[in-house]
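To be precise, the following lines are data-v8.cif, and they hold mmCIF, C-alpha atoms and all ligand atoms.
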data_work
#
loop_
_atom_site.group_PDB
_atom_site.id
_atom_site.type_symbol
_atom_site.label_atom_id
_atom_site.label_comp_id
_atom_site.auth_asym_id
_atom_site.auth_seq_id
_atom_site.Cartn_x
_atom_site.Cartn_y
_atom_site.Cartn_z
ATOM 1 C CA MET T 1 -12.007 -201.913 187.215
ATOM 2 C CA THR T 2 -8.464 -202.478 186.092
ATOM 3 C CA ASP T 3 -6.301 -200.560 183.661
ATOM 4 C CA LYS T 4 -3.998 -203.479 183.186
ATOM 5 C CA ILE T 5 -3.463 -204.826 179.660
ATOM 6 C CA LYS T 6 -5.618 -207.907 179.095
ATOM 7 C CA VAL T 7 -3.192 -210.409 177.632
ATOM 8 C CA ALA T 8 -3.867 -213.837 176.156
ATOM 9 C CA TYR T 9 -1.339 -216.434 175.009
ATOM 10 C CA ALA T 10 -2.482 -218.886 172.343
ATOM 11 C CA ILE T 11 -0.752 -221.761 170.630
ATOM 12 C CA LEU T 12 -1.150 -223.198 167.127
ATOM 13 C CA THR T 13 1.157 -225.948 165.800
ATOM 14 C CA SER T 14 4.187 -225.516 168.016
ATOM 15 C CA CYS T 15 6.435 -227.104 170.603
ATOM 16 C CA THR T 16 5.366 -224.520 173.255
ATOM 17 C CA GLY T 17 9.008 -223.518 173.609
ATOM 18 C CA CYS T 18 8.221 -219.850 172.959
ATOM 19 C CA LYS T 19 6.005 -219.843 175.995
ATOM 20 C CA ILE T 20 8.847 -221.199 178.086
ATOM 21 C CA SER T 21 10.924 -218.264 176.859
ATOM 22 C CA PHE T 22 8.132 -215.922 178.032
ATOM 23 C CA LEU T 23 8.590 -217.412 181.498
ATOM 24 C CA ASP T 24 12.370 -217.044 181.178
ATOM 25 C CA MET T 25 11.993 -213.389 182.116
ATOM 26 C CA HIS T 26 12.762 -214.712 185.597
ATOM 27 C CA GLU T 27 12.359 -211.992 188.247
ATOM 28 C CA LYS T 28 11.501 -209.403 185.591
ATOM 29 C CA ILE T 29 8.174 -211.167 185.177
ATOM 30 C CA LEU T 30 7.083 -209.479 188.432
ATOM 31 C CA GLY T 31 7.295 -206.054 186.743
ATOM 32 C CA VAL T 32 5.416 -207.434 183.737
ATOM 33 C CA LEU T 33 2.671 -208.876 185.931
ATOM 34 C CA ASP T 34 2.136 -205.388 187.403
ATOM 35 C CA LYS T 35 1.124 -204.266 183.919
ATOM 36 C CA ILE T 36 -0.903 -207.194 182.587
ATOM 37 C CA ASP T 37 -3.822 -209.440 183.386
ATOM 38 C CA LEU T 38 -3.162 -212.836 181.851
ATOM 39 C CA VAL T 39 -6.739 -213.702 180.945
ATOM 40 C CA TYR T 40 -6.117 -216.791 178.880
ATOM 41 C CA SER T 41 -3.485 -219.484 178.526
ATOM 42 C CA GLN T 42 -3.940 -222.341 176.121
ATOM 43 C CA MET T 43 -1.946 -224.666 178.311
ATOM 44 C CA VAL T 44 -5.045 -225.134 180.444
ATOM 45 C CA MET T 45 -8.011 -223.836 178.411
ATOM 46 C CA ASP T 46 -9.621 -224.303 175.000
ATOM 47 C CA TYR T 47 -9.168 -221.389 172.591
ATOM 48 C CA ARG T 48 -12.948 -220.919 172.383
ATOM 49 C CA GLU T 49 -12.729 -219.644 175.968
ATOM 50 C CA VAL T 50 -10.649 -216.622 174.992
ATOM 51 C CA PRO T 51 -12.617 -213.541 176.110
ATOM 52 C CA ASP T 52 -14.000 -211.308 173.346
ATOM 53 C CA ASP T 53 -12.240 -208.173 174.591
ATOM 54 C CA VAL T 54 -8.568 -209.101 174.791
ATOM 55 C CA ASP T 55 -6.124 -206.205 174.375
ATOM 56 C CA LEU T 56 -3.087 -208.151 173.292
ATOM 57 C CA ILE T 57 -2.638 -211.727 172.219
ATOM 58 C CA PHE T 58 0.603 -213.571 171.658
ATOM 59 C CA ILE T 59 0.085 -216.347 169.100
ATOM 60 C CA GLU T 60 2.761 -218.990 168.925
ATOM 61 C CA GLY T 61 3.107 -221.686 166.271
ATOM 62 C CA SER T 62 2.536 -222.128 162.568
ATOM 63 C CA VAL T 63 -0.772 -222.436 160.744
ATOM 64 C CA SER T 64 -0.572 -226.096 159.839
ATOM 65 C CA THR T 65 -4.045 -227.608 160.303
ATOM 66 C CA ASP T 66 -7.576 -226.552 159.469
ATOM 67 C CA GLU T 67 -8.132 -225.955 163.174
ATOM 68 C CA ASP T 68 -5.061 -223.700 163.345
ATOM 69 C CA LEU T 69 -6.511 -221.591 160.555
ATOM 70 C CA GLU T 70 -9.947 -221.418 162.170
ATOM 71 C CA GLN T 71 -8.335 -220.514 165.477
ATOM 72 C CA ALA T 72 -6.126 -217.783 163.995
ATOM 73 C CA LEU T 73 -9.091 -216.129 162.289
ATOM 74 C CA GLU T 74 -11.204 -216.339 165.431
ATOM 75 C CA LEU T 75 -8.476 -214.969 167.715
ATOM 76 C CA ARG T 76 -7.854 -212.050 165.363
ATOM 77 C CA LYS T 77 -11.458 -210.970 165.908
ATOM 78 C CA LYS T 78 -11.125 -211.158 169.681
ATOM 79 C CA ALA T 79 -7.915 -209.173 170.171
ATOM 80 C CA LYS T 80 -7.066 -205.530 169.524
ATOM 81 C CA TYR T 81 -3.444 -206.402 168.834
ATOM 82 C CA VAL T 82 -1.828 -209.646 167.705
ATOM 83 C CA VAL T 83 1.842 -210.493 168.176
ATOM 84 C CA SER T 84 3.184 -213.235 165.926
ATOM 85 C CA THR T 85 5.385 -215.058 168.407
ATOM 86 C CA GLY T 86 8.436 -217.077 167.430
ATOM 87 C CA ALA T 87 9.889 -218.486 164.240
ATOM 88 C CA CYS T 88 7.000 -220.944 163.690
ATOM 89 C CA ALA T 89 4.414 -218.156 163.732
ATOM 90 C CA CYS T 90 6.548 -215.607 161.879
ATOM 91 C CA PHE T 91 7.988 -217.849 159.152
ATOM 92 C CA GLY T 92 6.362 -221.301 159.425
ATOM 93 C CA GLY T 93 9.396 -222.513 161.385
ATOM 94 C CA ILE T 94 10.201 -226.164 161.913
ATOM 95 C CA PRO T 95 6.688 -227.415 160.930
ATOM 96 C CA GLY T 96 7.067 -225.489 157.668
ATOM 97 C CA MET T 97 9.803 -227.865 156.551
ATOM 98 C CA ARG T 98 7.066 -230.239 155.451
ATOM 99 C CA ASN T 99 6.225 -227.841 152.613
ATOM 100 C CA PHE T 100 8.844 -229.615 150.542
ATOM 101 C CA TYR T 101 6.487 -232.594 150.426
ATOM 102 C CA SER T 102 2.823 -233.326 149.816
ATOM 103 C CA VAL T 103 0.519 -234.214 152.700
ATOM 104 C CA ASP T 104 0.260 -237.781 151.332
ATOM 105 C CA GLU T 105 4.040 -238.145 151.311
ATOM 106 C CA ILE T 106 4.248 -236.858 154.883
ATOM 107 C CA LEU T 107 1.554 -239.247 156.146
ATOM 108 C CA GLU T 108 2.964 -242.230 154.299
ATOM 109 C CA GLU T 109 6.399 -241.550 155.731
ATOM 110 C CA THR T 110 5.118 -240.991 159.253
ATOM 111 C CA TYR T 111 2.410 -243.685 159.372
ATOM 112 C CA PRO T 112 3.531 -246.263 156.798
ATOM 113 C CA VAL T 113 1.113 -249.061 155.960
ATOM 114 C CA GLY T 114 3.170 -251.095 153.547
ATOM 115 C CA ASP T 115 2.310 -250.700 149.879
ATOM 116 C CA GLY T 116 -1.022 -248.963 150.325
ATOM 117 C CA GLU T 117 -1.867 -245.434 151.342
ATOM 118 C CA SER T 118 -1.681 -244.327 154.952
ATOM 119 C CA THR T 119 -4.975 -244.752 156.751
ATOM 120 C CA PHE T 120 -4.110 -242.071 159.291
ATOM 121 C CA LYS T 121 -7.060 -239.840 160.107
ATOM 122 C CA GLY T 122 -5.966 -237.268 162.648
ATOM 123 C CA PRO T 123 -8.250 -235.052 164.713
ATOM 124 C CA ASN T 124 -7.275 -232.134 162.464
ATOM 125 C CA GLU T 125 -6.826 -232.172 158.755
ATOM 126 C CA LEU T 126 -3.364 -231.053 157.718
ATOM 127 C CA MET T 127 -3.403 -228.076 155.396
ATOM 128 C CA PRO T 128 -1.672 -228.699 152.045
ATOM 129 C CA LYS T 129 1.068 -226.233 153.023
ATOM 130 C CA VAL T 130 2.101 -224.840 156.396
ATOM 131 C CA ARG T 131 1.509 -221.095 156.519
ATOM 132 C CA SER T 132 3.056 -218.336 158.592
ATOM 133 C CA LEU T 133 0.644 -216.406 160.801
ATOM 134 C CA PRO T 134 1.148 -213.025 159.062
ATOM 135 C CA SER T 135 0.136 -214.642 155.773
ATOM 136 C CA VAL T 136 -3.354 -215.500 157.053
ATOM 137 C CA ILE T 137 -4.201 -212.662 159.466
ATOM 138 C CA LYS T 138 -3.017 -209.143 160.113
ATOM 139 C CA THR T 139 -0.394 -209.114 162.836
ATOM 140 C CA ASP T 140 0.666 -205.977 164.689
ATOM 141 C CA PHE T 141 4.141 -207.036 165.688
ATOM 142 C CA ASN T 142 6.342 -209.986 164.776
ATOM 143 C CA LEU T 143 8.701 -211.467 167.361
ATOM 144 C CA PRO T 144 11.248 -213.678 165.596
ATOM 145 C CA GLY T 145 13.389 -216.384 167.164
ATOM 146 C CA CYS T 146 13.215 -220.030 168.128
ATOM 147 C CA PRO T 147 12.343 -219.091 170.740
ATOM 148 C CA PRO T 148 12.144 -215.266 170.943
ATOM 149 C CA ILE T 149 14.420 -213.747 173.549
ATOM 150 C CA PRO T 150 12.624 -212.875 176.820
ATOM 151 C CA GLU T 151 13.674 -209.203 176.587
ATOM 152 C CA ASN T 152 11.548 -208.823 173.470
ATOM 153 C CA PHE T 153 8.429 -210.050 175.283
ATOM 154 C CA ILE T 154 9.108 -207.367 177.880
ATOM 155 C CA ALA T 155 9.578 -204.755 175.133
ATOM 156 C CA VAL T 156 6.163 -205.639 173.667
ATOM 157 C CA ILE T 157 4.447 -205.195 177.034
ATOM 158 C CA GLU T 158 6.303 -201.993 177.921
ATOM 159 C CA ASN T 159 5.635 -200.354 174.560
ATOM 160 C CA TYR T 160 2.009 -201.460 174.232
ATOM 161 C CA PRO T 161 0.297 -200.321 172.024
ATOM 162 C CA ASN T 162 3.057 -198.320 170.296
ATOM 163 C CA PHE T 163 4.934 -201.280 168.896
ATOM 164 C CA ASP T 164 6.627 -199.127 166.257
ATOM 165 C CA GLN T 165 8.789 -197.788 169.077
ATOM 166 C CA ILE T 166 10.401 -201.192 169.529
ATOM 167 C CA GLU T 167 13.595 -201.159 167.569
ATOM 168 C CA LEU T 168 14.630 -204.660 166.600
ATOM 169 C CA PRO T 169 17.991 -204.811 164.805
ATOM 170 C CA THR T 170 17.676 -205.122 161.045
ATOM 171 C CA LYS T 171 21.171 -206.078 159.857
ATOM 172 C CA THR T 172 22.384 -209.644 159.467
ATOM 173 C CA LEU T 173 23.733 -211.594 162.414
ATOM 174 C CA CYS T 174 27.300 -211.214 161.094
ATOM 175 C CA ALA T 175 27.074 -207.538 162.086
ATOM 176 C CA GLU T 176 26.796 -208.440 165.775
ATOM 177 C CA CYS T 177 28.878 -211.620 165.743
ATOM 178 C CA SER T 178 32.129 -211.325 167.682
ATOM 179 C CA LEU T 179 33.963 -214.100 165.815
ATOM 180 C CA LYS T 180 36.963 -212.915 163.810
ATOM 181 C CA LYS T 181 36.886 -212.550 160.041
ATOM 182 C CA VAL T 182 40.312 -212.780 158.428
ATOM 183 C CA LYS T 183 40.085 -214.311 154.957
ATOM 184 C CA LEU T 184 36.597 -212.946 154.441
ATOM 185 C CA LEU T 185 37.837 -209.383 154.762
ATOM 186 C CA SER T 186 40.207 -209.692 151.838
ATOM 187 C CA PRO T 187 39.479 -210.604 148.219
ATOM 188 C CA ILE T 188 40.078 -214.329 147.783
ATOM 189 C CA ARG T 189 40.293 -216.557 144.728
ATOM 190 C CA GLU T 190 39.913 -219.890 146.450
ATOM 191 C CA PHE T 191 37.369 -221.415 148.791
ATOM 192 C CA THR T 192 38.044 -220.611 152.441
ATOM 193 C CA SER T 193 37.852 -224.370 152.956
ATOM 194 C CA LEU T 194 37.811 -227.284 150.517
ATOM 195 C CA LYS T 195 35.568 -229.284 152.787
ATOM 196 C CA ILE T 196 32.266 -228.665 154.558
ATOM 197 C CA ASN T 197 32.983 -229.460 158.189
ATOM 198 C CA ASN T 198 30.876 -230.397 161.143
ATOM 199 C CA PRO T 199 31.523 -228.283 164.242
ATOM 200 C CA TYR T 200 32.908 -231.293 166.132
ATOM 201 C CA GLU T 201 35.658 -231.678 163.498
ATOM 202 C CA LEU T 202 37.149 -228.249 164.205
ATOM 203 C CA ASP T 203 40.401 -227.409 165.937
ATOM 204 C CA GLU T 204 39.794 -225.785 169.298
ATOM 205 C CA GLU T 205 42.559 -223.273 168.646
ATOM 206 C CA ASP T 206 40.415 -221.695 165.909
ATOM 207 C CA ASP T 207 37.448 -221.136 168.221
ATOM 208 C CA ASP T 208 37.491 -217.395 167.694
ATOM 209 C CA LEU T 209 37.297 -217.599 163.867
ATOM 210 C CA CYS T 210 34.140 -217.122 161.797
ATOM 211 C CA PHE T 211 32.541 -220.510 161.091
ATOM 212 C CA LEU T 212 32.596 -219.968 157.345
ATOM 213 C CA GLU T 213 36.355 -219.531 157.465
ATOM 214 C CA ARG T 214 36.514 -222.902 159.216
ATOM 215 C CA GLY T 215 34.395 -224.568 156.540
ATOM 216 C CA VAL T 216 31.224 -224.775 158.634
ATOM 217 C CA LEU T 217 27.952 -223.584 157.174
ATOM 218 C CA CYS T 218 26.636 -220.684 159.250
ATOM 219 C CA MET T 219 23.332 -218.998 158.450
ATOM 220 C CA GLY T 220 24.369 -215.689 160.004
ATOM 221 C CA VAL T 221 25.002 -214.206 156.585
ATOM 222 C CA ALA T 222 21.277 -214.216 155.749
ATOM 223 C CA THR T 223 19.746 -214.115 159.223
ATOM 224 C CA ARG T 224 18.402 -211.101 161.030
ATOM 225 C CA SER T 225 20.470 -209.961 163.994
ATOM 226 C CA GLY T 226 18.977 -209.386 167.427
ATOM 227 C CA CYS T 227 19.601 -212.618 169.329
ATOM 228 C CA GLY T 228 22.969 -211.392 170.600
ATOM 229 C CA GLY T 229 24.644 -214.272 168.755
ATOM 230 C CA ARG T 230 23.463 -216.729 171.370
ATOM 231 C CA CYS T 231 24.597 -219.781 169.357
ATOM 232 C CA VAL T 232 27.817 -218.503 167.786
ATOM 233 C CA SER T 233 28.973 -217.165 171.148
ATOM 234 C CA VAL T 234 28.965 -220.733 172.498
ATOM 235 C CA ASN T 235 30.671 -222.164 169.420
ATOM 236 C CA VAL T 236 27.547 -223.374 167.618
ATOM 237 C CA PRO T 237 26.851 -222.132 164.075
ATOM 238 C CA CYS T 238 23.730 -220.086 163.482
ATOM 239 C CA ARG T 239 20.790 -222.015 162.027
ATOM 240 C CA GLY T 240 18.772 -218.955 161.100
ATOM 241 C CA CYS T 241 15.940 -218.853 163.636
ATOM 242 C CA PHE T 242 15.569 -215.055 163.518
ATOM 243 C CA GLY T 243 14.573 -215.431 159.887
ATOM 244 C CA PRO T 244 15.615 -213.270 156.977
ATOM 245 C CA PRO T 245 16.521 -209.599 157.474
ATOM 246 C CA PRO T 246 13.465 -207.348 156.997
ATOM 247 C CA GLN T 247 14.722 -205.571 153.885
ATOM 248 C CA GLU T 248 12.627 -205.987 150.767
ATOM 249 C CA GLY T 249 14.107 -208.629 148.486
ATOM 250 C CA SER T 250 15.701 -210.560 151.379
ATOM 251 C CA GLU T 251 12.687 -212.793 152.090
ATOM 252 C CA ASP T 252 14.268 -215.908 150.598
ATOM 253 C CA GLN T 253 16.653 -216.746 153.427
ATOM 254 C CA GLY T 254 17.880 -219.978 151.844
ATOM 255 C CA ALA T 255 18.732 -218.308 148.567
ATOM 256 C CA GLY T 256 20.503 -215.578 150.548
ATOM 257 C CA VAL T 257 22.756 -218.129 152.233
ATOM 258 C CA ILE T 258 23.522 -220.030 149.034
ATOM 259 C CA SER T 259 24.282 -216.767 147.279
ATOM 260 C CA ALA T 260 26.562 -215.580 150.079
ATOM 261 C CA ILE T 261 28.558 -218.749 150.501
ATOM 262 C CA SER T 262 28.757 -220.017 146.927
ATOM 263 C CA SER T 263 32.051 -218.248 146.273
ATOM 264 C CA ILE T 264 33.707 -219.226 149.541
ATOM 265 C CA LEU T 265 32.604 -222.821 150.226
ATOM 266 C CA PRO T 266 32.228 -225.825 147.922
ATOM 267 C CA THR T 267 28.441 -225.733 148.185
ATOM 268 C CA GLY T 268 27.931 -228.399 145.537
ATOM 269 C CA ARG T 269 28.387 -230.881 148.367
ATOM 270 C CA LEU T 270 25.360 -229.401 150.108
ATOM 271 C CA LEU T 271 22.772 -229.064 147.434
ATOM 272 C CA THR T 272 20.684 -232.151 148.012
ATOM 273 C CA LYS T 273 17.027 -231.579 148.771
ATOM 274 C CA GLU T 274 17.443 -232.722 152.379
ATOM 275 C CA ASP T 275 20.469 -230.486 152.970
ATOM 276 C CA MET T 276 18.580 -227.504 151.666
ATOM 277 C CA LEU T 277 15.595 -228.368 153.774
ATOM 278 C CA GLY T 278 17.426 -228.970 157.025
ATOM 279 C CA LEU T 279 19.875 -226.110 156.764
ATOM 280 C CA VAL T 280 19.146 -223.104 154.665
ATOM 281 C CA TYR T 281 15.328 -223.282 154.907
ATOM 282 C CA ARG T 282 15.067 -224.765 158.365
ATOM 283 C CA PHE T 283 12.921 -221.943 159.722
ATOM 284 C CA SER T 284 11.586 -219.995 156.776
ATOM 285 C CA LEU T 285 10.446 -222.325 154.025
ATOM 286 C CA SER T 286 6.818 -221.238 154.532
ATOM 287 C CA VAL T 287 7.743 -217.670 153.665
ATOM 288 C CA ILE T 288 8.531 -218.906 150.176
ATOM 289 C CA THR T 289 5.438 -221.074 149.831
ATOM 290 C CA ASP T 290 3.283 -218.319 151.387
ATOM 291 C CA LEU T 291 4.013 -216.268 148.316
ATOM 292 C CA GLN T 292 2.088 -218.779 146.247
ATOM 293 C CA LYS T 293 -1.661 -218.471 146.233
ATOM 294 C CA TYR T 294 -3.226 -220.900 148.611
ATOM 295 C CA SER T 295 -6.689 -222.156 147.683
ATOM 296 C CA ALA T 296 -7.815 -223.366 151.117
ATOM 297 C CA VAL T 297 -7.906 -219.834 152.526
ATOM 298 C CA ASP T 298 -11.236 -218.312 151.709
ATOM 299 C CA GLU T 299 -10.842 -214.858 150.196
ATOM 300 C CA LYS T 300 -13.450 -213.405 152.559
ATOM 301 C CA GLU T 301 -11.551 -214.685 155.557
ATOM 302 C CA MET T 302 -8.378 -213.104 154.229
ATOM 303 C CA GLU T 303 -10.129 -209.758 154.421
ATOM 304 C CA VAL T 304 -9.537 -209.921 158.161
ATOM 305 C CA LYS T 305 -5.958 -209.082 157.301
HETATM 306 S S1 LIG T 401 9.606 -221.016 167.352
HETATM 307 FE FE1 LIG T 401 10.865 -222.679 168.225
HETATM 308 S S2 LIG T 401 10.386 -222.618 170.411
HETATM 309 FE FE2 LIG T 401 8.765 -221.483 169.359
HETATM 310 S S3 LIG T 401 7.143 -223.012 168.950
HETATM 311 FE FE3 LIG T 401 8.465 -222.932 167.133
HETATM 312 S S4 LIG T 401 9.959 -224.605 167.455
HETATM 313 FE FE4 LIG T 401 9.040 -224.157 169.447
HETATM 314 S S1 LIG T 402 28.958 -216.306 159.188
HETATM 315 FE FE1 LIG T 402 28.407 -216.919 161.265
HETATM 316 S S2 LIG T 402 30.336 -217.092 162.365
HETATM 317 FE FE2 LIG T 402 30.748 -215.898 160.511
HETATM 318 S S3 LIG T 402 30.528 -213.752 161.135
HETATM 319 FE FE3 LIG T 402 28.520 -214.442 160.345
HETATM 320 S S4 LIG T 402 27.386 -215.137 162.160
HETATM 321 FE FE4 LIG T 402 29.574 -215.029 162.726
HETATM 322 S S1 LIG T 403 22.582 -217.514 166.463
HETATM 323 FE FE1 LIG T 403 21.122 -217.919 164.791
HETATM 324 S S2 LIG T 403 20.086 -219.850 165.350
HETATM 325 FE FE2 LIG T 403 21.127 -219.055 167.184
HETATM 326 S S3 LIG T 403 19.556 -217.839 168.248
HETATM 327 FE FE3 LIG T 403 20.686 -216.424 166.940
HETATM 328 S S4 LIG T 403 19.514 -216.365 165.017
HETATM 329 FE FE4 LIG T 403 18.840 -218.165 166.151
#

Would you kindly transcribe this structure into structure tokens?
Amino acid sequence: MTDKIKVAYAILTSCTGCKISFLDMHEKILGVLDKIDLVYSQMVMDYREVPDDVDLIFIEGSVSTDEDLEQALELRKKAKYVVSTGACACFGGIPGMRNFYSVDEILEETYPVGDGESTFKGPNELMPKVRSLPSVIKTDFNLPGCPPIPENFIAVIENYPNFDQIELPTKTLCAECSLKKVKLLSPIREFTSLKINNPYELDEEDDDLCFLERGVLCMGVATRSGCGGRCVSVNVPCRGCFGPPPQEGSEDQGAGVISAISSILPTGRLLTKEDMLGLVYRFSLSVITDLQKYSAVDEKEMEVK
């Protein structure tokens, strides 16, 4: 007999990077292994081999194919608690960017066959829209980030099963960003910059200034804090992987960014479909499309939620 937590780690449509972050606990993983039995890892086993009595399952990746959906519903039945792991699971993430297009457009672009339709027939049918995990099953805790920070994996294990005791920050990233705000702290009548810049165009002497003040689009204004500013602290603008802040009404991360920056940057230069897709909705487009009713999810299956 063991009183260790039976943990499984499953993967839907993902790059498996979240799992690498799990391993990035380094020596702290020894303390974690004292508390858990890792009973299943999808790296080496099929998901149908997940035991029926798992305590806690981390599910990484978005729900993008019919098999992903089947797997998510099946795993929900097998685990007492489900943790939505990483930006792809929590918000659709990078795979969710395809929600701007139809499946036919995606296949024709990826597997072009001249003038005709793509003849690609993959092992899994792509769902019409990529879904976030919490939109198809009940999840007990959501770990944002691309990937989540290792400390948050540890917090989930240490607080099991009282996940409400884990206090993830809820403000925007700007609240924990150490870069200086100068113009943004005073009422201004002009754009902080007349040009949208790439980070490599910046003067090094301004390294300690907020990116927006330097004319670089930074998603921190509409992104949940909690990563410790791991990009901005190494002079890379935030791309929003912690998703929108959890407050009601803040779900549309892209709209939040456009709204925040429209009076300080000449955003007209940015508003092409591809710019919107690659920047302001890079991680959370599925959250918006999740809100629309999705016919491929059977209503009975949704009752699992
Ligand atoms: S959240 Fe990032 S690291 Fe995790 S599976 Fe998605 S793309 Fe990979
Ligand atoms: S916009 Fe970006 S650089 Fe500026 S304070 Fe917010 S997170 Fe920091
Ligand atoms: S700074 Fe932004 S993109 Fe970078 S890890 Fe934090 S939330 Fe993610």

Please compute the atom CA of T:Gly256-atom CA of T:Leu285 distance, one decimal, in Å. 12.6 Å

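Near (-3.6, -209.5, 159.8), the residues that fall inside 12 Å on the basis of all atoms listed in the file are Ala72, Leu73, Glu74, Leu75, Arg76, Lys77, Ala79, Lys80, Tyr81, Val82, Val83, Ser84, Ser132, Leu133, Pro134, Ser135, Val136, Ile137, Lys138, Thr139, Asp140, Phe141, Asn142, Glu301, Met302, Glu303, Val304 and Lys305 of chain T.
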
Output as a Markdown table one row per residue of chain T within 7 Å of ligand LIG 401 (chain T): the closest atom pair and its distance in Å to one decimal place, counting only C-alpha atoms and all ligand atoms, sorted by chain and residue number ascending.
| residue | atom | partner | partner_atom | distance |
| --- | --- | --- | --- | --- |
| T:Ser14 | CA | T:LIG401 | S3 | 4.0 |
| T:Cys15 | CA | T:LIG401 | FE4 | 4.1 |
| T:Thr16 | CA | T:LIG401 | S3 | 4.9 |
| T:Gly17 | CA | T:LIG401 | S2 | 3.6 |
| T:Cys18 | CA | T:LIG401 | FE2 | 4.0 |
| T:Glu60 | CA | T:LIG401 | S3 | 5.9 |
| T:Gly61 | CA | T:LIG401 | S3 | 5.0 |
| T:Gly86 | CA | T:LIG401 | S1 | 4.1 |
| T:Ala87 | CA | T:LIG401 | S1 | 4.0 |
| T:Cys88 | CA | T:LIG401 | FE3 | 4.2 |
| T:Ala89 | CA | T:LIG401 | S1 | 6.9 |
| T:Gly93 | CA | T:LIG401 | FE3 | 5.8 |
| T:Ile94 | CA | T:LIG401 | S4 | 5.8 |
| T:Gly145 | CA | T:LIG401 | S1 | 6.0 |
| T:Cys146 | CA | T:LIG401 | FE1 | 3.5 |
| T:Pro147 | CA | T:LIG401 | S2 | 4.0 |

So which residues are near ligand LIG 402 (chain T), meaning at most 10 Å away with all atoms listed in the file counted, given back as an NGL selection string? :T and (172-181 or 184 or 208-214 or 216-225 or 229 or 231-233 or 235-240 or 257 or 260-261)

Report as a PyMOL selection string the full result of the PyMOL selection byres (((chain T and resi 197) around 9) and not hetatm) when it is applied to this structure. chain T and resi 193+195-196+198-202+214-217

Taking C-alpha atoms for each residue, export the selection above as an mmCIF file, in the coordinates of the input.
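Output file out07.cif is given in full below:
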data_model
loop_
_atom_site.group_PDB
_atom_site.id
_atom_site.type_symbol
_atom_site.label_atom_id
_atom_site.label_comp_id
_atom_site.auth_asym_id
_atom_site.auth_seq_id
_atom_site.Cartn_x
_atom_site.Cartn_y
_atom_site.Cartn_z
ATOM 1 C CA SER T 193 37.852 -224.370 152.956
ATOM 2 C CA LYS T 195 35.568 -229.284 152.787
ATOM 3 C CA ILE T 196 32.266 -228.665 154.558
ATOM 4 C CA ASN T 198 30.876 -230.397 161.143
ATOM 5 C CA PRO T 199 31.523 -228.283 164.242
ATOM 6 C CA TYR T 200 32.908 -231.293 166.132
ATOM 7 C CA GLU T 201 35.658 -231.678 163.498
ATOM 8 C CA LEU T 202 37.149 -228.249 164.205
ATOM 9 C CA ARG T 214 36.514 -222.902 159.216
ATOM 10 C CA GLY T 215 34.395 -224.568 156.540
ATOM 11 C CA VAL T 216 31.224 -224.775 158.634
ATOM 12 C CA LEU T 217 27.952 -223.584 157.174
#

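Residue nearest T:Glu167, chosen from T:Val32, T:Leu143, T:Ile188, T:Ile20 and counting only C-alpha atoms: T:Leu143.
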